[in-house]
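Student: Dropping in input23.cif, which is mmCIF, C-alpha atoms:
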```cif
data_input
#
loop_
_atom_site.label_atom_id
_atom_site.label_comp_id
_atom_site.auth_asym_id
_atom_site.auth_seq_id
_atom_site.Cartn_x
_atom_site.Cartn_y
_atom_site.Cartn_z
CA MET J 1 55.58 24.42 95.03
CA THR J 2 52.66 22.80 93.29
CA ASP J 3 53.40 24.56 89.98
CA ARG J 4 56.81 23.00 89.69
CA PHE J 5 55.33 19.56 90.15
CA VAL J 6 52.58 20.21 87.61
CA MET J 7 55.33 20.66 85.00
CA SER J 8 56.85 17.30 85.85
CA ARG J 9 53.47 15.66 85.36
CA ALA J 10 53.13 17.01 81.83
CA ARG J 11 52.50 14.22 79.35
CA PRO J 12 54.34 13.99 76.02
CA SER J 13 52.56 15.75 73.18
CA SER J 14 53.28 13.61 70.10
CA ASN J 15 52.38 9.97 69.51
CA PHE J 16 56.05 9.00 69.13
CA GLU J 17 57.02 10.64 72.40
CA LEU J 18 54.02 9.11 74.14
CA ALA J 19 54.91 5.68 72.80
CA THR J 20 58.58 5.96 73.81
CA TRP J 21 57.62 7.41 77.21
CA LEU J 22 55.49 4.32 77.85
CA TYR J 23 58.09 2.02 76.28
CA MET J 24 60.83 3.25 78.63
CA ARG J 25 58.68 2.30 81.63
CA VAL J 26 57.61 -1.11 80.34
CA SER J 27 61.03 -2.10 78.98
CA GLY J 28 62.70 -0.74 82.13
CA VAL J 29 60.67 -3.04 84.38
CA LEU J 30 61.31 -6.06 82.11
CA ILE J 31 65.04 -5.26 82.00
CA ALA J 32 65.13 -4.98 85.80
CA PHE J 33 63.94 -8.59 86.12
CA LEU J 34 66.01 -10.07 83.28
CA LEU J 35 69.17 -8.18 84.23
CA LEU J 36 68.77 -9.30 87.84
CA GLY J 37 68.92 -12.90 86.59
CA HIS J 38 71.89 -12.09 84.34
CA ILE J 39 73.84 -10.42 87.18
CA VAL J 40 73.08 -13.13 89.73
CA VAL J 41 74.20 -15.87 87.34
CA MET J 42 77.24 -14.11 85.81
CA HIS J 43 78.55 -12.01 88.71
CA VAL J 44 77.40 -13.69 91.92
CA LEU J 45 77.01 -17.44 91.20
CA HIS J 46 79.83 -17.27 88.65
CA HIS J 47 82.62 -14.71 88.36
CA VAL J 48 84.32 -12.96 85.49
CA ASP J 49 87.54 -14.94 85.94
CA GLU J 50 85.62 -18.08 84.94
CA VAL J 51 84.34 -16.58 81.71
CA ASP J 52 86.12 -17.87 78.64
CA TYR J 53 85.21 -19.41 75.29
CA SER J 54 84.22 -22.80 76.71
CA PHE J 55 82.12 -21.17 79.46
CA ALA J 56 80.27 -19.06 76.89
CA ALA J 57 79.87 -22.04 74.55
CA GLY J 58 78.44 -24.14 77.39
CA ARG J 59 76.00 -21.41 78.30
CA LEU J 60 74.87 -20.91 74.70
CA ALA J 61 74.41 -24.66 74.22
CA ASN J 62 71.19 -24.16 76.17
CA PRO J 63 68.46 -22.61 73.98
CA PHE J 64 66.96 -21.04 77.10
CA TRP J 65 69.97 -18.72 77.48
CA ARG J 66 70.01 -17.89 73.76
CA ILE J 67 66.40 -16.71 73.96
CA TYR J 68 66.98 -15.02 77.33
CA ASP J 69 69.98 -13.12 75.95
CA LEU J 70 68.17 -12.26 72.73
CA VAL J 71 65.21 -10.74 74.59
CA LEU J 72 67.55 -8.90 76.96
CA LEU J 73 69.65 -7.65 74.03
CA GLY J 74 66.64 -6.22 72.21
CA LEU J 75 65.32 -4.56 75.36
CA VAL J 76 68.60 -2.98 76.52
CA VAL J 77 69.70 -1.72 73.10
CA SER J 78 66.33 -0.08 72.38
CA HIS J 79 66.02 1.30 75.93
CA GLY J 80 69.61 2.57 75.90
CA VAL J 81 69.44 4.13 72.43
CA ASN J 82 66.19 5.89 73.25
CA GLY J 83 67.61 7.14 76.56
CA ALA J 84 70.70 8.51 74.82
CA ARG J 85 68.41 10.13 72.18
CA ILE J 86 66.58 11.99 74.95
CA VAL J 87 69.89 13.20 76.43
CA ILE J 88 70.99 14.44 72.97
CA ASP J 89 67.66 16.25 72.52
CA ASP J 90 68.11 17.88 75.93
CA TYR J 91 71.66 19.14 75.59
CA VAL J 92 72.58 19.55 71.92
CA ARG J 93 71.15 22.90 70.77
CA SER J 94 72.53 22.99 67.24
CA HIS J 95 70.04 21.44 64.83
CA GLY J 96 72.69 20.01 62.48
CA LEU J 97 74.81 18.47 65.22
CA ARG J 98 71.71 17.04 66.87
CA THR J 99 70.62 15.34 63.65
CA LEU J 100 74.16 14.08 63.06
CA LEU J 101 74.47 12.63 66.58
CA LYS J 102 71.03 11.02 66.49
CA THR J 103 71.70 9.50 63.07
CA ALA J 104 74.99 8.10 64.38
CA LEU J 105 73.24 6.83 67.51
CA TRP J 106 70.50 4.97 65.63
CA THR J 107 73.05 3.57 63.15
CA VAL J 108 75.30 2.26 65.93
CA GLY J 109 72.28 0.96 67.87
CA ILE J 110 70.84 -0.98 64.93
CA LEU J 111 74.30 -2.26 63.91
CA PHE J 112 75.04 -3.60 67.41
CA LEU J 113 71.55 -5.06 67.73
CA VAL J 114 72.02 -6.94 64.45
CA VAL J 115 75.54 -8.11 65.37
CA GLY J 116 74.41 -9.27 68.83
CA ALA J 117 71.37 -11.09 67.45
CA PHE J 118 73.50 -12.65 64.68
CA VAL J 119 75.88 -14.11 67.30
CA LEU J 120 73.00 -15.52 69.35
CA PHE J 121 71.32 -17.04 66.29
CA THR J 122 74.36 -18.49 64.55
CA PHE J 123 77.01 -19.31 67.18
CA GLN J 124 78.30 -22.88 66.94
CA PRO J 125 81.26 -23.78 69.15
CA VAL J 126 84.54 -24.74 67.54
CA THR J 127 85.51 -28.13 68.90
CA GLY J 128 89.03 -29.27 69.66
CA MET U 129 67.89 24.23 83.26
CA TYR U 130 66.17 21.90 85.68
CA ARG U 131 67.00 22.78 89.28
CA GLY U 132 64.90 20.48 91.36
CA ALA U 133 65.14 19.57 95.00
CA SER U 134 66.44 16.20 96.21
CA GLY U 135 64.80 14.41 93.26
CA MET U 136 67.36 16.12 91.03
CA TYR U 137 70.11 13.82 92.33
CA SER U 138 68.06 10.80 91.32
CA TRP U 139 67.58 12.35 87.86
CA ILE U 140 71.28 13.20 87.38
CA GLY U 141 72.29 9.80 88.70
CA ARG U 142 69.91 8.09 86.29
CA ARG U 143 71.36 10.00 83.31
CA VAL U 144 75.00 9.43 84.22
CA THR U 145 74.54 5.72 85.00
CA GLY U 146 72.36 5.28 81.89
CA LEU U 147 75.01 6.73 79.56
CA GLY U 148 77.72 4.66 81.26
CA LEU U 149 75.64 1.52 80.85
CA VAL U 150 75.10 2.22 77.13
CA LEU U 151 78.88 2.51 76.63
CA PHE U 152 79.47 -0.75 78.48
CA LEU U 153 76.66 -2.40 76.52
CA LEU U 154 78.32 -1.57 73.18
CA PHE U 155 81.65 -2.91 74.43
CA HIS U 156 79.96 -6.04 75.79
CA ILE U 157 78.14 -6.76 72.50
CA ALA U 158 81.47 -6.33 70.66
CA ASP U 159 83.35 -8.71 72.97
CA THR U 160 80.58 -11.32 72.66
CA ALA U 161 80.74 -11.04 68.86
CA LEU U 162 84.34 -12.28 69.06
CA LEU U 163 82.86 -15.73 69.83
CA LEU U 164 82.32 -16.07 66.08
CA TRP U 165 86.10 -15.86 65.49
CA GLY U 166 86.83 -18.76 67.81
CA PRO U 167 88.47 -19.24 71.22
CA GLU U 168 91.70 -17.23 70.77
CA PRO U 169 90.36 -13.71 70.13
CA TYR U 170 87.47 -14.17 72.59
CA ASN U 171 89.67 -15.43 75.43
CA LEU U 172 92.25 -12.71 74.75
CA VAL U 173 89.68 -9.94 75.21
CA VAL U 174 87.51 -11.31 78.03
CA ARG U 175 90.67 -11.95 80.04
CA ILE U 176 90.87 -8.20 80.66
CA TYR U 177 87.65 -8.43 82.70
CA ALA U 178 89.56 -10.54 85.26
CA THR U 179 92.24 -7.85 85.79
CA PRO U 180 92.08 -5.85 89.07
CA PHE U 181 90.97 -2.66 87.30
CA PHE U 182 88.02 -4.36 85.65
CA ARG U 183 87.07 -6.32 88.78
CA LEU U 184 86.65 -2.94 90.49
CA ALA U 185 84.94 -1.47 87.42
CA GLU U 186 82.58 -4.46 87.49
CA VAL U 187 81.46 -3.46 91.00
CA GLY U 188 80.82 0.04 89.63
CA LEU U 189 78.88 -1.52 86.75
CA VAL U 190 76.61 -3.43 89.13
CA ALA U 191 76.21 -0.25 91.23
CA SER U 192 75.14 1.62 88.07
CA VAL U 193 72.60 -1.06 87.16
CA ILE U 194 71.05 -1.08 90.65
CA TYR U 195 71.03 2.73 90.89
CA HIS U 196 69.54 3.16 87.41
CA GLY U 197 66.85 0.55 88.07
CA LEU U 198 65.78 1.99 91.41
CA SER U 199 65.79 5.49 89.97
CA GLY U 200 63.55 4.19 87.18
CA LEU U 201 61.14 2.65 89.70
CA HIS U 202 61.14 6.06 91.43
CA ILE U 203 59.88 7.83 88.32
CA ILE U 204 57.34 5.09 87.68
CA ALA U 205 56.05 5.79 91.20
CA LEU U 206 55.83 9.49 90.31
CA ASP U 207 53.93 8.63 87.12
CA LEU U 208 51.42 6.24 88.65
CA TRP U 209 50.81 7.58 92.14
CA ASP U 210 49.10 10.98 92.25
CA ARG U 211 50.32 11.85 95.72
CA ALA U 212 53.93 10.75 95.10
CA HIS U 213 55.08 14.35 94.60
CA SER U 214 54.12 15.20 98.18
CA TYR U 215 56.52 12.48 99.29
CA GLN U 216 59.32 13.28 96.84
CA ARG U 217 61.96 13.70 99.57
CA GLN U 218 60.90 10.48 101.27
CA LEU U 219 60.99 8.66 97.91
CA VAL U 220 64.53 9.89 97.28
CA ILE U 221 65.61 8.71 100.74
CA LEU U 222 63.85 5.35 100.19
CA GLU U 223 65.50 4.97 96.77
CA HIS U 224 68.99 5.58 98.16
CA ALA U 225 68.37 3.39 101.22
CA LEU U 226 67.25 0.55 98.94
CA PHE U 227 70.33 1.16 96.81
CA LEU U 228 72.61 0.60 99.82
CA ILE U 229 70.59 -2.42 101.02
CA LEU U 230 70.87 -4.08 97.60
CA PHE U 231 74.32 -2.90 96.54
CA LEU U 232 76.39 -3.44 99.70
CA PRO U 233 75.77 -7.22 100.02
CA VAL U 234 76.32 -7.72 96.28
CA ALA U 235 79.54 -5.66 96.40
CA TYR U 236 80.68 -7.71 99.39
CA VAL U 237 80.06 -11.01 97.59
CA MET U 238 81.82 -9.78 94.44
CA LEU U 239 84.85 -8.33 96.24
CA ALA U 240 85.16 -11.16 98.77
CA SER U 241 85.14 -13.83 96.07
CA TRP U 242 87.86 -11.90 94.24
CA LEU U 243 90.10 -10.84 97.13
CA LEU U 244 89.77 -14.03 99.20
CA HIS U 245 90.06 -16.35 96.21
#
```
So that I can check it, write out the structure of this file as structure tokens.

Tutor:
Amino acid sequence: MTDRFVMSRARPSSNFELATWLYMRVSGVLIAFLLLGHIVVMHVLHHVDEVDYSFAAGRLANPFWRIYDLVLLGLVVSHGVNGARIVIDDYVRSHGLRTLLKTALWTVGILFLVVGAFVLFTFQPVTG
Amino acid sequence: MYRGASGMYSWIGRRVTGLGLVLFLLFHIADTALLLWGPEPYNLVVRIYATPFFRLAEVGLVASVIYHGLSGLHIIALDLWDRAHSYQRQLVILEHALFLILFLPVAYVMLASWLLH
């Protein structure tokens, strides 16, 4: 019984794995708080049938929400990409396919992070 | 292959919800990017979130977020608290009880505001 639990307590061996192991915990806790705010505002106080261009424009007119969304974006993309990387490492045995999938994952992750950040930095509502 | 006791369900649930959330995240970043093309394309796409299928899917999305977060707190407890492994079964029960306590009222609010609107 104890032996099985000793395995689960094993700490990562490389610096990268140690850093990402810690990062998943820290970012996870931060995301829990920020996402709680996001869900309460967007899905409980407001509802999806209210969301349209003018709603989004009104929300992004406030710099607070731009910064909030930017921080949340960076946290969830990095947390999500790293989580998916761990799943790929666990299940994909072929070395070539694993490299291919992880390259695709990081490419998509960085691309979406840049696109999301670009929207938050540059969005100006079209009037009229 | 990992064949744990009750904690395994928390682990599987965390993986499945995590991958689902990543897929939604990519879609959600893409729909938000449509803001840059003006009202027409953005409104056209976000309108699908108000359809019955996506209103239900939205409840599943919130369930995934709550489950994934509580499951994450569970492993943080295992990491930080030496004796946590002796209470693994209790932690799993606590995690799932908290899930119901948090999710059911939120699901009620979301569904009631939709169905009684």

Student: Counting only C-alpha atoms, collect the residues of chain J whose closest atom lies at most 7 Å from chain U, and write them out as an MDAnalysis selection string.

Tutor: chainID J and resid 5 25 32 43:44 48:49 52:53 80 84 112 115:116 119 123 126

Student: Just want the 10 Å neighbourhood of Asp89 of chain J, counted on only C-alpha atoms, with same-chain residues fewer than 3 positions away dropped. Output as a PyMOL selection string.

Tutor: chain J and resi 83-86+92-95+98-99+101-102

Student: Output C-alpha atoms of each residue in that selection to a file, as a compact mmCIF listing (two decimals), keeping the file's coordinate frame.

Tutor:
```txt
# COMPACT_ATOMS: atom_id res chain seq x y z
CA GLY J 83 67.61 7.14 76.56
CA ALA J 84 70.70 8.51 74.82
CA ARG J 85 68.41 10.13 72.18
CA ILE J 86 66.58 11.99 74.95
CA VAL J 92 72.58 19.55 71.92
CA ARG J 93 71.15 22.90 70.77
CA SER J 94 72.53 22.99 67.24
CA HIS J 95 70.04 21.44 64.83
CA ARG J 98 71.71 17.04 66.87
CA THR J 99 70.62 15.34 63.65
CA LEU J 101 74.47 12.63 66.58
CA LYS J 102 71.03 11.02 66.49
```

Student: What gap, in Å, lies between atom CA of Gly141 of chain U and atom CA of Val76 of chain J?

Tutor: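 Here the two named atoms are 18.0 Å from each other.
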
Student: For the structure provided, state which residues fall under the PyMOL selection byres ((chain J and resi 121) around 10), and present them as a ChimeraX atom specification.

Tutor: /J:60,63,66-67,70,115-120,122-124

Student: Write the residues of the selection above to a file with C-alpha atoms, as a short mmCIF file (atom, residue, chain, number, x, y, z; two decimals), keeping the file's coordinate frame.

Tutor:
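Written out: part-v6.cif:
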```
data_model
loop_
_atom_site.label_atom_id
_atom_site.label_comp_id
_atom_site.auth_asym_id
_atom_site.auth_seq_id
_atom_site.Cartn_x
_atom_site.Cartn_y
_atom_site.Cartn_z
CA LEU J 60 74.87 -20.91 74.70
CA PRO J 63 68.46 -22.61 73.98
CA ARG J 66 70.01 -17.89 73.76
CA ILE J 67 66.40 -16.71 73.96
CA LEU J 70 68.17 -12.26 72.73
CA VAL J 115 75.54 -8.11 65.37
CA GLY J 116 74.41 -9.27 68.83
CA ALA J 117 71.37 -11.09 67.45
CA PHE J 118 73.50 -12.65 64.68
CA VAL J 119 75.88 -14.11 67.30
CA LEU J 120 73.00 -15.52 69.35
CA THR J 122 74.36 -18.49 64.55
CA PHE J 123 77.01 -19.31 67.18
CA GLN J 124 78.30 -22.88 66.94
#
```

Student: To one decimal place in Å, what is the distance between atom CA of Gly74 of chain J and atom CA of Ala191 of chain U?

Tutor: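 Taking atom CA of Gly74 of chain J as the start and atom CA of Ala191 of chain U as the end point, the length is 22.1 Å.
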
Student: Figure out the distance between atom CA of Met136 of chain U and atom CA of Leu226 of chain U, please, to one decimal in Å.

Tutor: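 Taking atom CA of Leu226 of chain U as the start and atom CA of Met136 of chain U as the end point, the length is 17.5 Å.
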
Student: Using only C-alpha atoms, which of U:Tyr215, U:Tyr195, U:Phe152, U:Trp139 sits nearest Leu230 of chain U?

Tutor: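 When distances to Leu230 of chain U are compared using only C-alpha atoms, the smallest one comes from U:Tyr195.
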
Student: Since fewer atoms than expected are present, regenerate N, CA, C and O atoms for segment 49-74 of chain J and write them as a PDB file, in the frame of the given file.

Tutor:
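Contents of result_6.pdb, as written:
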```pdb
ATOM      1  N   ASP J  49      86.315 -14.189  86.243  1.00  0.00           N
ATOM      2  CA  ASP J  49      87.540 -14.940  85.940  1.00  0.00           C
ATOM      3  C   ASP J  49      87.255 -16.348  85.416  1.00  0.00           C
ATOM      4  O   ASP J  49      88.150 -17.021  84.921  1.00  0.00           O
ATOM      5  N   GLU J  50      85.983 -16.781  85.510  1.00  0.00           N
ATOM      6  CA  GLU J  50      85.620 -18.080  84.940  1.00  0.00           C
ATOM      7  C   GLU J  50      85.225 -17.966  83.467  1.00  0.00           C
ATOM      8  O   GLU J  50      85.127 -18.970  82.764  1.00  0.00           O
ATOM      9  N   VAL J  51      84.902 -16.755  83.045  1.00  0.00           N
ATOM     10  CA  VAL J  51      84.340 -16.580  81.710  1.00  0.00           C
ATOM     11  C   VAL J  51      85.415 -16.717  80.644  1.00  0.00           C
ATOM     12  O   VAL J  51      86.383 -15.964  80.607  1.00  0.00           O
ATOM     13  N   ASP J  52      85.271 -17.717  79.810  1.00  0.00           N
ATOM     14  CA  ASP J  52      86.120 -17.870  78.640  1.00  0.00           C
ATOM     15  C   ASP J  52      85.282 -18.521  77.536  1.00  0.00           C
ATOM     16  O   ASP J  52      84.060 -18.656  77.687  1.00  0.00           O
ATOM     17  N   TYR J  53      85.935 -18.889  76.443  1.00  0.00           N
ATOM     18  CA  TYR J  53      85.210 -19.410  75.290  1.00  0.00           C
ATOM     19  C   TYR J  53      84.375 -20.631  75.650  1.00  0.00           C
ATOM     20  O   TYR J  53      83.197 -20.730  75.283  1.00  0.00           O
ATOM     21  N   SER J  54      84.958 -21.567  76.413  1.00  0.00           N
ATOM     22  CA  SER J  54      84.220 -22.800  76.710  1.00  0.00           C
ATOM     23  C   SER J  54      83.047 -22.527  77.662  1.00  0.00           C
ATOM     24  O   SER J  54      81.995 -23.160  77.548  1.00  0.00           O
ATOM     25  N   PHE J  55      83.231 -21.556  78.575  1.00  0.00           N
ATOM     26  CA  PHE J  55      82.120 -21.170  79.460  1.00  0.00           C
ATOM     27  C   PHE J  55      80.965 -20.599  78.630  1.00  0.00           C
ATOM     28  O   PHE J  55      79.806 -20.992  78.789  1.00  0.00           O
ATOM     29  N   ALA J  56      81.297 -19.685  77.726  1.00  0.00           N
ATOM     30  CA  ALA J  56      80.270 -19.060  76.890  1.00  0.00           C
ATOM     31  C   ALA J  56      79.596 -20.092  75.986  1.00  0.00           C
ATOM     32  O   ALA J  56      78.373 -20.093  75.814  1.00  0.00           O
ATOM     33  N   ALA J  57      80.417 -21.008  75.434  1.00  0.00           N
ATOM     34  CA  ALA J  57      79.870 -22.040  74.550  1.00  0.00           C
ATOM     35  C   ALA J  57      78.910 -22.947  75.325  1.00  0.00           C
ATOM     36  O   ALA J  57      77.842 -23.313  74.832  1.00  0.00           O
ATOM     37  N   GLY J  58      79.300 -23.298  76.553  1.00  0.00           N
ATOM     38  CA  GLY J  58      78.440 -24.140  77.390  1.00  0.00           C
ATOM     39  C   GLY J  58      77.119 -23.458  77.701  1.00  0.00           C
ATOM     40  O   GLY J  58      76.054 -24.080  77.683  1.00  0.00           O
ATOM     41  N   ARG J  59      77.202 -22.175  77.973  1.00  0.00           N
ATOM     42  CA  ARG J  59      76.000 -21.410  78.300  1.00  0.00           C
ATOM     43  C   ARG J  59      75.080 -21.326  77.074  1.00  0.00           C
ATOM     44  O   ARG J  59      73.866 -21.484  77.192  1.00  0.00           O
ATOM     45  N   LEU J  60      75.689 -21.074  75.906  1.00  0.00           N
ATOM     46  CA  LEU J  60      74.870 -20.910  74.700  1.00  0.00           C
ATOM     47  C   LEU J  60      74.418 -22.242  74.105  1.00  0.00           C
ATOM     48  O   LEU J  60      73.617 -22.274  73.162  1.00  0.00           O
ATOM     49  N   ALA J  61      74.908 -23.354  74.659  1.00  0.00           N
ATOM     50  CA  ALA J  61      74.410 -24.660  74.220  1.00  0.00           C
ATOM     51  C   ALA J  61      72.968 -24.849  74.668  1.00  0.00           C
ATOM     52  O   ALA J  61      72.235 -25.669  74.107  1.00  0.00           O
ATOM     53  N   ASN J  62      72.566 -24.095  75.667  1.00  0.00           N
ATOM     54  CA  ASN J  62      71.190 -24.160  76.170  1.00  0.00           C
ATOM     55  C   ASN J  62      70.326 -23.111  75.466  1.00  0.00           C
ATOM     56  O   ASN J  62      70.586 -21.912  75.592  1.00  0.00           O
ATOM     57  N   PRO J  63      69.296 -23.572  74.712  1.00  0.00           N
ATOM     58  CA  PRO J  63      68.460 -22.610  73.980  1.00  0.00           C
ATOM     59  C   PRO J  63      67.792 -21.582  74.897  1.00  0.00           C
ATOM     60  O   PRO J  63      67.520 -20.462  74.480  1.00  0.00           O
ATOM     61  N   PHE J  64      67.568 -21.982  76.152  1.00  0.00           N
ATOM     62  CA  PHE J  64      66.960 -21.040  77.100  1.00  0.00           C
ATOM     63  C   PHE J  64      67.774 -19.770  77.205  1.00  0.00           C
ATOM     64  O   PHE J  64      67.244 -18.665  77.143  1.00  0.00           O
ATOM     65  N   TRP J  65      69.120 -19.919  77.337  1.00  0.00           N
ATOM     66  CA  TRP J  65      69.970 -18.720  77.480  1.00  0.00           C
ATOM     67  C   TRP J  65      70.073 -17.938  76.189  1.00  0.00           C
ATOM     68  O   TRP J  65      70.241 -16.721  76.204  1.00  0.00           O
ATOM     69  N   ARG J  66      69.983 -18.638  75.039  1.00  0.00           N
ATOM     70  CA  ARG J  66      70.010 -17.890  73.760  1.00  0.00           C
ATOM     71  C   ARG J  66      68.796 -16.974  73.665  1.00  0.00           C
ATOM     72  O   ARG J  66      68.906 -15.816  73.276  1.00  0.00           O
ATOM     73  N   ILE J  67      67.628 -17.525  74.038  1.00  0.00           N
ATOM     74  CA  ILE J  67      66.400 -16.710  73.960  1.00  0.00           C
ATOM     75  C   ILE J  67      66.420 -15.617  75.030  1.00  0.00           C
ATOM     76  O   ILE J  67      66.090 -14.466  74.761  1.00  0.00           O
ATOM     77  N   TYR J  68      66.858 -15.991  76.225  1.00  0.00           N
ATOM     78  CA  TYR J  68      66.980 -15.020  77.330  1.00  0.00           C
ATOM     79  C   TYR J  68      67.864 -13.848  76.896  1.00  0.00           C
ATOM     80  O   TYR J  68      67.494 -12.672  77.040  1.00  0.00           O
ATOM     81  N   ASP J  69      69.042 -14.167  76.355  1.00  0.00           N
ATOM     82  CA  ASP J  69      69.980 -13.120  75.950  1.00  0.00           C
ATOM     83  C   ASP J  69      69.442 -12.302  74.788  1.00  0.00           C
ATOM     84  O   ASP J  69      69.677 -11.092  74.715  1.00  0.00           O
ATOM     85  N   LEU J  70      68.721 -12.971  73.885  1.00  0.00           N
ATOM     86  CA  LEU J  70      68.170 -12.260  72.730  1.00  0.00           C
ATOM     87  C   LEU J  70      67.110 -11.242  73.175  1.00  0.00           C
ATOM     88  O   LEU J  70      67.113 -10.089  72.723  1.00  0.00           O
ATOM     89  N   VAL J  71      66.235 -11.645  74.080  1.00  0.00           N
ATOM     90  CA  VAL J  71      65.210 -10.740  74.590  1.00  0.00           C
ATOM     91  C   VAL J  71      65.867  -9.579  75.337  1.00  0.00           C
ATOM     92  O   VAL J  71      65.542  -8.405  75.121  1.00  0.00           O
ATOM     93  N   LEU J  72      66.851  -9.930  76.193  1.00  0.00           N
ATOM     94  CA  LEU J  72      67.550  -8.900  76.960  1.00  0.00           C
ATOM     95  C   LEU J  72      68.290  -7.930  76.038  1.00  0.00           C
ATOM     96  O   LEU J  72      68.251  -6.705  76.234  1.00  0.00           O
ATOM     97  N   LEU J  73      68.926  -8.484  74.997  1.00  0.00           N
ATOM     98  CA  LEU J  73      69.650  -7.650  74.030  1.00  0.00           C
ATOM     99  C   LEU J  73      68.724  -6.628  73.369  1.00  0.00           C
ATOM    100  O   LEU J  73      69.030  -5.434  73.319  1.00  0.00           O
ATOM    101  N   GLY J  74      67.584  -7.116  72.877  1.00  0.00           N
ATOM    102  CA  GLY J  74      66.640  -6.220  72.210  1.00  0.00           C
ATOM    103  C   GLY J  74      66.127  -5.133  73.151  1.00  0.00           C
ATOM    104  O   GLY J  74      66.029  -3.956  72.775  1.00  0.00           O
TER     105      GLY J  74
END
```
